[in-house]
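Here is data_21.cif, consisting of mmCIF, C-alpha atoms:
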```
data_structure
#
loop_
_atom_site.label_atom_id
_atom_site.label_comp_id
_atom_site.auth_asym_id
_atom_site.auth_seq_id
_atom_site.Cartn_x
_atom_site.Cartn_y
_atom_site.Cartn_z
CA MET A 148 0.00 0.00 0.00
CA ALA A 149 1.45 3.24 -1.09
CA ILE A 150 1.48 6.40 0.96
CA THR A 151 1.05 9.90 -0.38
CA HIS A 152 3.25 12.13 1.71
CA ILE A 153 2.78 15.89 1.72
CA GLY A 154 6.01 17.34 3.12
CA SER A 155 6.31 20.18 5.60
CA THR A 156 6.98 23.00 3.11
CA LEU A 157 4.34 21.92 0.67
CA VAL A 158 1.15 23.87 0.10
CA ILE A 159 -1.72 22.35 -1.84
CA GLU A 160 -4.74 24.39 -2.78
CA GLY A 161 -7.19 22.02 -4.36
CA GLU A 162 -8.20 18.46 -3.91
CA ILE A 163 -6.38 15.25 -3.14
CA SER A 164 -8.23 12.09 -3.99
CA GLY A 165 -7.47 8.45 -4.52
CA SER A 166 -6.87 5.11 -2.87
CA ASP A 167 -3.62 5.77 -0.99
CA ALA A 168 -3.01 6.55 2.63
CA VAL A 169 -2.16 10.23 3.05
CA VAL A 170 0.30 11.78 5.50
CA VAL A 171 0.22 15.55 5.72
CA GLN A 172 3.03 17.61 7.25
CA GLY A 173 2.44 20.72 5.17
CA ARG A 174 -0.66 22.69 4.25
CA VAL A 175 -3.74 21.57 2.41
CA LYS A 176 -6.65 23.84 1.52
CA GLY A 177 -9.54 22.21 -0.27
CA SER A 178 -10.42 18.57 0.19
CA ILE A 179 -8.94 15.15 0.81
CA GLU A 180 -10.81 12.06 -0.28
CA THR A 181 -9.37 8.58 0.07
CA SER A 182 -10.45 5.06 0.84
CA GLN A 183 -7.49 4.72 3.24
CA GLY A 184 -6.26 6.45 6.37
CA VAL A 185 -5.11 10.03 6.70
CA VAL A 186 -2.59 11.31 9.24
CA ILE A 187 -2.38 15.03 9.93
CA GLU A 188 0.98 15.52 11.62
CA ASN A 189 2.06 18.07 14.16
CA SER A 190 3.37 20.64 11.69
CA ALA A 191 0.37 20.39 9.36
CA HIS A 192 -2.38 22.90 8.72
CA VAL A 193 -5.38 21.50 6.94
CA GLU A 194 -8.39 23.52 5.91
CA ALA A 195 -10.37 20.92 4.10
CA ASN A 196 -13.29 18.59 4.04
CA LEU A 197 -12.05 15.08 4.65
CA THR A 198 -13.59 11.85 3.46
CA LEU A 199 -11.59 8.82 4.47
CA ASP A 200 -11.40 5.54 6.33
CA THR A 201 -9.46 6.61 9.43
CA LEU A 202 -8.16 9.97 10.56
CA GLU A 203 -5.40 10.83 13.02
CA VAL A 204 -5.06 14.47 13.93
CA ALA A 205 -1.90 15.77 15.58
CA GLY A 206 -1.88 19.11 13.75
CA ASP A 207 -4.44 21.78 12.91
CA VAL A 208 -7.60 20.80 11.07
CA LYS A 209 -10.47 23.03 10.04
CA GLY A 210 -13.23 21.28 8.14
CA ASN A 211 -15.75 18.52 8.20
CA VAL A 212 -14.75 14.88 8.44
CA THR A 213 -16.57 11.80 7.26
CA ALA A 214 -14.74 8.66 8.33
CA ALA A 215 -15.75 5.10 7.51
CA SER A 216 -14.03 3.64 10.59
CA ARG A 217 -12.38 5.94 13.07
CA VAL A 218 -11.25 9.43 14.04
CA GLU A 219 -8.55 10.08 16.60
CA ILE A 220 -7.55 13.49 17.89
CA LYS A 221 -4.13 13.25 19.54
CA PRO A 222 -3.08 15.30 22.58
CA GLU A 223 -1.38 17.92 20.37
CA GLY A 224 -4.20 17.94 17.81
CA LYS A 225 -6.54 20.83 17.16
CA MET A 226 -9.72 20.34 15.28
CA VAL A 227 -12.61 22.62 14.35
CA GLY A 228 -15.44 21.07 12.36
CA ASP A 229 -18.03 18.37 12.32
CA ILE A 230 -17.14 14.70 12.56
CA LYS A 231 -19.16 11.80 11.25
CA SER A 232 -17.58 8.54 12.30
CA PRO A 233 -18.66 5.29 14.00
CA ARG A 234 -15.72 5.50 16.45
CA ILE A 235 -14.08 8.56 17.93
CA LEU A 236 -11.11 9.05 20.24
CA ILE A 237 -10.28 12.41 21.75
CA ALA A 238 -7.10 12.38 23.81
CA ASP A 239 -6.44 14.36 26.94
CA GLY A 240 -5.13 17.77 25.87
CA ALA A 241 -6.71 17.71 22.47
CA HIS A 242 -8.70 20.67 21.23
CA PHE A 243 -12.01 20.18 19.49
CA LYS A 244 -14.91 22.34 18.47
CA GLY A 245 -17.81 21.05 16.42
CA ASN A 246 -20.49 18.41 16.20
CA ILE A 247 -20.00 14.71 16.41
CA ASP A 248 -22.28 12.21 14.74
CA MET A 249 -21.53 8.58 15.56
CA ASP A 250 -24.78 7.31 14.21
CA VAL A 251 -23.37 6.41 10.80
CA GLY A 252 -22.13 3.37 8.96
CA ARG A 253 -24.16 0.88 10.99
CA MET B 230 13.99 17.87 7.60
CA ALA B 231 11.17 16.25 5.75
CA ALA B 232 12.44 17.28 2.38
CA THR B 233 10.38 15.15 0.07
CA THR B 234 6.76 14.95 -0.90
CA ILE B 235 5.42 11.82 -2.53
CA ILE B 236 2.18 11.63 -4.42
CA ALA B 237 1.60 7.90 -4.63
CA ALA B 238 0.30 5.96 -7.60
CA GLY B 239 -3.29 5.81 -6.42
CA SER B 240 -3.56 9.51 -5.69
CA VAL B 241 -4.78 12.46 -7.72
CA VAL B 242 -4.07 16.06 -6.78
CA ARG B 243 -6.08 18.78 -8.51
CA GLY B 244 -5.24 22.41 -7.96
CA HIS B 245 -2.21 24.45 -7.06
CA LEU B 246 0.76 22.82 -5.43
CA SER B 247 3.78 24.72 -4.15
CA GLY B 248 6.71 24.15 -1.81
CA GLN B 249 10.43 24.34 -1.03
CA GLU B 250 11.12 20.64 -1.26
CA ASP B 251 11.49 17.79 -3.72
CA LEU B 252 8.44 16.11 -5.13
CA ILE B 253 8.16 12.55 -6.39
CA LEU B 254 5.09 12.05 -8.51
CA GLN B 255 3.86 8.48 -8.90
CA GLY B 256 0.18 9.34 -9.30
CA ARG B 257 -1.49 12.25 -11.04
CA VAL B 258 -1.40 16.01 -10.79
CA GLU B 259 -3.74 18.37 -12.58
CA GLY B 260 -3.23 22.11 -12.24
CA SER B 261 0.01 23.81 -11.35
CA VAL B 262 3.19 22.89 -9.50
CA ALA B 263 5.70 25.46 -8.24
CA LEU B 264 8.72 24.04 -6.40
CA GLN B 265 12.00 25.37 -5.04
CA GLY B 266 13.14 21.78 -5.35
CA ASN B 267 13.35 18.96 -7.82
CA LEU B 268 10.49 17.14 -9.44
CA ASP B 269 10.59 13.47 -10.46
CA ILE B 270 7.75 12.21 -12.58
CA GLU B 271 7.86 8.43 -12.41
CA PRO B 272 7.00 5.98 -15.22
CA ASP B 273 3.27 5.56 -14.58
CA ALA B 274 2.73 9.08 -13.32
CA ARG B 275 0.94 11.78 -15.23
CA ALA B 276 0.99 15.56 -14.88
CA ASP B 277 -1.43 17.81 -16.73
CA ALA B 278 0.08 20.93 -15.35
CA THR B 279 2.11 24.07 -15.51
CA ILE B 280 5.31 23.09 -13.73
CA GLU B 281 8.04 25.23 -12.23
CA ALA B 282 10.96 23.56 -10.46
CA VAL B 283 14.75 23.50 -10.17
CA THR B 284 15.23 20.28 -12.13
CA VAL B 285 12.55 18.11 -13.67
CA ARG B 286 13.09 14.43 -14.50
CA VAL B 287 10.37 12.91 -16.60
CA HIS B 288 9.88 9.17 -16.87
CA GLY B 289 6.12 9.41 -17.23
CA THR B 290 3.61 11.62 -19.00
CA VAL B 291 3.52 15.40 -18.99
CA VAL B 292 1.07 17.67 -20.77
CA GLY B 293 1.35 21.42 -20.32
CA ARG B 294 4.37 23.59 -19.66
CA VAL B 295 7.60 22.94 -17.79
CA VAL B 296 9.93 25.67 -16.60
CA ALA B 297 13.07 24.33 -14.91
CA ARG B 298 15.68 26.68 -13.49
CA GLU B 299 18.53 24.18 -13.91
CA GLY B 300 17.54 21.38 -16.23
CA ILE B 301 15.04 18.97 -17.70
CA GLU B 302 15.63 15.30 -18.41
CA LEU B 303 13.30 13.26 -20.57
CA SER B 304 14.06 9.58 -20.15
CA ALA B 305 13.30 6.83 -22.65
CA SER B 306 9.88 6.21 -21.12
CA ALA B 307 8.87 9.89 -21.14
CA ARG B 308 5.74 10.96 -23.02
CA VAL B 309 5.67 14.72 -23.17
CA ARG B 310 3.42 17.19 -24.93
CA ALA B 311 4.56 20.45 -23.43
CA ASP B 312 6.53 23.62 -23.85
CA LEU B 313 9.89 23.42 -22.12
CA VAL B 314 11.88 26.36 -20.79
CA THR B 315 15.27 25.48 -19.32
CA PRO B 316 18.97 26.16 -19.81
CA ARG B 317 19.81 22.44 -19.91
CA LEU B 318 17.87 19.69 -21.62
CA VAL B 319 18.54 15.99 -22.04
CA VAL B 320 16.29 13.89 -24.24
CA ALA B 321 16.96 10.16 -24.15
CA GLU B 322 16.47 7.89 -27.12
CA GLY B 323 12.95 6.52 -27.04
CA ALA B 324 11.40 9.58 -25.42
CA LEU B 325 8.30 10.97 -27.09
CA PHE B 326 8.17 14.74 -27.23
CA SER B 327 6.11 17.34 -28.95
CA GLY B 328 6.18 21.02 -28.10
CA ALA B 329 8.37 24.08 -28.07
CA ILE B 330 11.76 24.31 -26.39
CA ASP B 331 13.28 27.51 -25.11
CA MET B 332 16.80 27.11 -23.78
CA THR B 333 17.32 30.35 -21.95
CA GLY B 334 21.05 29.71 -21.57
CA ALA B 335 21.61 29.85 -25.34
CA PRO B 336 20.93 33.54 -26.24
CA ALA B 337 24.43 34.52 -25.11
CA ALA B 338 25.86 32.53 -28.03
CA ARG B 339 23.37 33.73 -30.65
CA PRO B 340 24.29 37.45 -30.96
CA ALA B 341 27.89 36.43 -31.63
CA ILE B 342 26.69 34.45 -34.66
CA THR B 343 24.15 36.98 -35.96
CA ALA B 344 26.48 39.98 -35.66
CA PRO B 345 29.02 38.83 -38.32
CA THR B 346 26.25 37.69 -40.71
CA ALA B 347 24.63 41.11 -40.38
CA PHE B 348 27.97 42.76 -41.25
CA ALA B 349 28.63 40.54 -44.25
CA PRO B 350 25.51 41.40 -46.36
CA ALA B 351 26.04 45.15 -45.87
CA PRO B 352 29.30 45.39 -47.91
CA ALA B 353 28.02 42.84 -50.44
CA PRO B 354 25.22 45.00 -51.99
CA ALA B 355 27.58 47.99 -52.12
CA SER B 356 30.25 46.07 -53.98
CA GLN B 357 27.81 44.44 -56.40
CA PRO B 358 26.48 47.70 -57.98
CA VAL B 359 30.06 48.89 -58.41
CA ALA B 360 31.00 45.64 -60.10
CA VAL B 361 27.91 45.83 -62.33
CA ALA B 362 28.25 49.53 -63.08
CA PRO B 363 31.30 49.52 -65.39
CA THR B 364 29.94 46.68 -67.58
CA GLY B 365 26.31 47.91 -67.87
CA GLN B 366 25.16 51.49 -67.15
CA PRO B 367 27.78 53.54 -65.35
CA SER B 368 25.85 56.82 -64.85
CA LEU B 369 22.75 55.17 -63.33
CA ALA B 370 24.80 52.92 -61.12
CA LEU B 371 26.81 55.87 -59.78
CA GLY B 372 23.61 57.84 -59.15
CA ALA B 373 22.12 54.93 -57.32
CA ASP B 374 25.29 54.59 -55.31
CA ASP B 375 25.23 58.26 -54.32
CA ASP B 376 21.55 58.19 -53.35
CA ASP B 377 21.55 55.01 -51.39
CA PRO B 378 24.38 55.24 -48.93
CA GLU B 379 24.67 58.98 -48.28
CA LEU B 380 21.45 61.01 -48.50
CA PRO B 381 18.70 58.73 -47.28
CA GLY B 382 21.02 56.98 -44.89
CA GLY B 383 22.20 60.24 -43.34
CA LEU B 384 18.69 61.68 -43.20
CA ASP B 385 17.28 58.51 -41.74
CA ALA B 386 19.87 58.41 -39.05
CA LYS B 387 19.21 62.03 -38.08
CA ASN B 388 15.46 61.56 -38.19
CA ILE B 389 15.68 58.53 -35.97
CA ALA B 390 17.96 60.39 -33.59
CA PHE B 391 15.49 63.28 -33.36
CA LYS B 392 12.50 61.01 -32.96
CA LYS B 393 14.21 59.17 -30.18
CA LYS B 394 14.99 62.42 -28.36
CA LYS B 395 11.40 63.61 -28.67
#
```
Representation of the structure as structure tokens:
Amino acid sequence: MAITHIGSTLVIEGEISGSDAVVVQGRVKGSIETSQGVVIENSAHVEANLTLDTLEVAGDVKGNVTAASRVEIKPEGKMVGDIKSPRILIADGAHFKGNIDMDVGR
Amino acid sequence: MAATTIIAAGSVVRGHLSGQEDLILQGRVEGSVALQGNLDIEPDARADATIEAVTVRVHGTVVGRVVAREGIELSASARVRADLVTPRLVVAEGALFSGAIDMTGAPAARPAITAPTAFAPAPAPASQPVAVAPTGQPSLALGADDDDPELPGGLDAKNIAFKKKK
């Protein structure tokens, strides 16, 4: 399984879509759509709507998330937006503002 | 430092992409790419884009425009329909290319070639009427000689000089 890796100096304005896992260290403005997992690392700023299987947030995310399996907001993660996911983890120290809907995918 | 971005084979990026690092493209990009780093477009990758980078290596497909500050390499598997602007270009045997090439490093050599050729024709027309004149019509040839180089030439030069000052 291949991984699309968006490095720390990279800025994408537009959409990322496909069937690879995505790791973001840089900036993405627009949307990310994948059938695999997405990791938003510490240095990342993401202003996008996310459609994916699993999401790990350790950076900054602004946007709505629709996850098929799971969303995890790590202690250093900041997230503003609505989450639709059957499973959700919010770690101690994490920042979150938005609505959560776990009544999906059942 | 995380100095490389990879867009994997199953991924498509549409839009504007910029950064200070290297980019390896295995999937697809549509839009524009502006890098202060190198771009590698791998064999099954495709870019429909306006690309700006330091060096660009193409093993895959590119449609659009590529501006590379240092160089462009088209390998044997490259399929390119694009305009290329770069001081250094390598095209391997087997590469498919169609488009315009502008090698910005070359102009320095061109004036040196055009300058002597511009000098050479100038004496040639002058010497030909003189050579023709004695055999055919001397009076007309001399008149033509007088008119051509001195009066209109001198007037033109002055007129141009005045126009430029105004």
Explicit residue set for the PyMOL selection byres ((chain B and resi 241) around 12), as JSON, numbers by chain: {"A": [151, 159, 161, 162, 163, 164, 165, 166, 167, 169, 178, 179, 180, 181], "B": [235, 236, 237, 238, 239, 240, 242, 243, 244, 246, 254, 255, 256, 257, 258, 259, 260, 274, 275, 276, 277]}
Evaluate the PyMOL selection byres ((chain B and resi 305) around 12) and report residues as a ChimeraX atom specification: /B:271-272,286-290,302-304,306-309,319-326
Taking C-alpha atoms for each residue, export the selection above as a tab-separated table (two decimals), in the frame of the given file.
```tsv
chain	number	residue	atom	x	y	z
B	271	GLU	CA	7.86	8.43	-12.41
B	272	PRO	CA	7.00	5.98	-15.22
B	286	ARG	CA	13.09	14.43	-14.50
B	287	VAL	CA	10.37	12.91	-16.60
B	288	HIS	CA	9.88	9.17	-16.87
B	289	GLY	CA	6.12	9.41	-17.23
B	290	THR	CA	3.61	11.62	-19.00
B	302	GLU	CA	15.63	15.30	-18.41
B	303	LEU	CA	13.30	13.26	-20.57
B	304	SER	CA	14.06	9.58	-20.15
B	306	SER	CA	9.88	6.21	-21.12
B	307	ALA	CA	8.87	9.89	-21.14
B	308	ARG	CA	5.74	10.96	-23.02
B	309	VAL	CA	5.67	14.72	-23.17
B	319	VAL	CA	18.54	15.99	-22.04
B	320	VAL	CA	16.29	13.89	-24.24
B	321	ALA	CA	16.96	10.16	-24.15
B	322	GLU	CA	16.47	7.89	-27.12
B	323	GLY	CA	12.95	6.52	-27.04
B	324	ALA	CA	11.40	9.58	-25.42
B	325	LEU	CA	8.30	10.97	-27.09
B	326	PHE	CA	8.17	14.74	-27.23
```
Quick one: pull the distance between CA of Leu318 in chain B and CA of Arg294 in chain B, Å, one decimal.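 Going from CA of Leu318 in chain B over to CA of Arg294 in chain B, I get 14.2 Å.
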Starting from the PyMOL selection byres ((chain B and resi 249-253) around 9), expand the selection into actual residues of this file and give them as a list of chain:residue names.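 On the file shown, the PyMOL selection byres ((chain B and resi 249-253) around 9) covers A:Ile153, A:Gly154, A:Ser155, A:Thr156, A:Leu157, B:Ala231, B:Ala232, B:Thr233, B:Thr234, B:Ile235, B:Ile236, B:Ala237, B:Ser247, B:Gly248, B:Leu254, B:Gln255, B:Ala263, B:Leu264, B:Gln265, B:Gly266, B:Asn267, B:Leu268, B:Asp269, B:Ile270, B:Glu271, B:Ala282.
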Give me a file of those residues, with C-alpha atoms, as a PDB file, in the coordinates of the input.
```
ATOM      1  CA  ILE A 153       2.780  15.890   1.720  1.00  0.00           C
ATOM      2  CA  GLY A 154       6.010  17.340   3.120  1.00  0.00           C
ATOM      3  CA  SER A 155       6.310  20.180   5.600  1.00  0.00           C
ATOM      4  CA  THR A 156       6.980  23.000   3.110  1.00  0.00           C
ATOM      5  CA  LEU A 157       4.340  21.920   0.670  1.00  0.00           C
TER       6      LEU A 157
ATOM      7  CA  ALA B 231      11.170  16.250   5.750  1.00  0.00           C
ATOM      8  CA  ALA B 232      12.440  17.280   2.380  1.00  0.00           C
ATOM      9  CA  THR B 233      10.380  15.150   0.070  1.00  0.00           C
ATOM     10  CA  THR B 234       6.760  14.950  -0.900  1.00  0.00           C
ATOM     11  CA  ILE B 235       5.420  11.820  -2.530  1.00  0.00           C
ATOM     12  CA  ILE B 236       2.180  11.630  -4.420  1.00  0.00           C
ATOM     13  CA  ALA B 237       1.600   7.900  -4.630  1.00  0.00           C
ATOM     14  CA  SER B 247       3.780  24.720  -4.150  1.00  0.00           C
ATOM     15  CA  GLY B 248       6.710  24.150  -1.810  1.00  0.00           C
ATOM     16  CA  LEU B 254       5.090  12.050  -8.510  1.00  0.00           C
ATOM     17  CA  GLN B 255       3.860   8.480  -8.900  1.00  0.00           C
ATOM     18  CA  ALA B 263       5.700  25.460  -8.240  1.00  0.00           C
ATOM     19  CA  LEU B 264       8.720  24.040  -6.400  1.00  0.00           C
ATOM     20  CA  GLN B 265      12.000  25.370  -5.040  1.00  0.00           C
ATOM     21  CA  GLY B 266      13.140  21.780  -5.350  1.00  0.00           C
ATOM     22  CA  ASN B 267      13.350  18.960  -7.820  1.00  0.00           C
ATOM     23  CA  LEU B 268      10.490  17.140  -9.440  1.00  0.00           C
ATOM     24  CA  ASP B 269      10.590  13.470 -10.460  1.00  0.00           C
ATOM     25  CA  ILE B 270       7.750  12.210 -12.580  1.00  0.00           C
ATOM     26  CA  GLU B 271       7.860   8.430 -12.410  1.00  0.00           C
ATOM     27  CA  ALA B 282      10.960  23.560 -10.460  1.00  0.00           C
TER      28      ALA B 282
END
```
By how many Å are CA of Ala329 in chain B and CA of Ala278 in chain B apart? 15.5 Å
Using 8 Å of padding on each side, determine the axis-aligned box around all atoms of range 181-197 of chain A present in the file and give its centre and edge lengths in Å to one decimal, as JSON.
```
{"center_x": -5.0, "center_y": 14.1, "center_z": 7.1, "size_x": 32.7, "size_y": 34.8, "size_z": 30.1}
```
Separation of CA of His152 in chain A from CA of Asp200 in chain A in Å: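 Separating CA of Asp200 in chain A from CA of His152 in chain A is a distance of 16.7 Å.
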Give the answer as one residue: which of B:Val285, B:Val296, B:Thr315, B:His245 has the shortest atom-to-atom distance to chain A, using only C-alpha atoms? B:His245
Top pick for closest residue to chain B, considering A:Glu188, A:Glu160, A:Glu219, A:Asp207 and counting all atoms listed in the file: A:Glu160
Show me, as a list in words, the residues that have an atom within 7 Å of range 238-242 of chain A when counting all atoms listed in the file, minus same-chain residues fewer than 5 positions from it.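 The contact residues come out as Ile220, Lys221, Pro222, Glu223, Gly224, Lys225 and Met226 of chain A.
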Give as a ChimeraX atom specification the set of residues within 9 Å of the point (-21.0, 8.7, 8.5), where distances use the file's coordinates and all atoms listed in the file. /A:212-216,230-233,248-253
Write out the residues from the selection above, keeping C-alpha atoms, as a PDB file, in the coordinates of the input.
```pdb
ATOM      1  CA  VAL A 212     -14.750  14.880   8.440  1.00  0.00           C
ATOM      2  CA  THR A 213     -16.570  11.800   7.260  1.00  0.00           C
ATOM      3  CA  ALA A 214     -14.740   8.660   8.330  1.00  0.00           C
ATOM      4  CA  ALA A 215     -15.750   5.100   7.510  1.00  0.00           C
ATOM      5  CA  SER A 216     -14.030   3.640  10.590  1.00  0.00           C
ATOM      6  CA  ILE A 230     -17.140  14.700  12.560  1.00  0.00           C
ATOM      7  CA  LYS A 231     -19.160  11.800  11.250  1.00  0.00           C
ATOM      8  CA  SER A 232     -17.580   8.540  12.300  1.00  0.00           C
ATOM      9  CA  PRO A 233     -18.660   5.290  14.000  1.00  0.00           C
ATOM     10  CA  ASP A 248     -22.280  12.210  14.740  1.00  0.00           C
ATOM     11  CA  MET A 249     -21.530   8.580  15.560  1.00  0.00           C
ATOM     12  CA  ASP A 250     -24.780   7.310  14.210  1.00  0.00           C
ATOM     13  CA  VAL A 251     -23.370   6.410  10.800  1.00  0.00           C
ATOM     14  CA  GLY A 252     -22.130   3.370   8.960  1.00  0.00           C
ATOM     15  CA  ARG A 253     -24.160   0.880  10.990  1.00  0.00           C
TER      16      ARG A 253
END
```
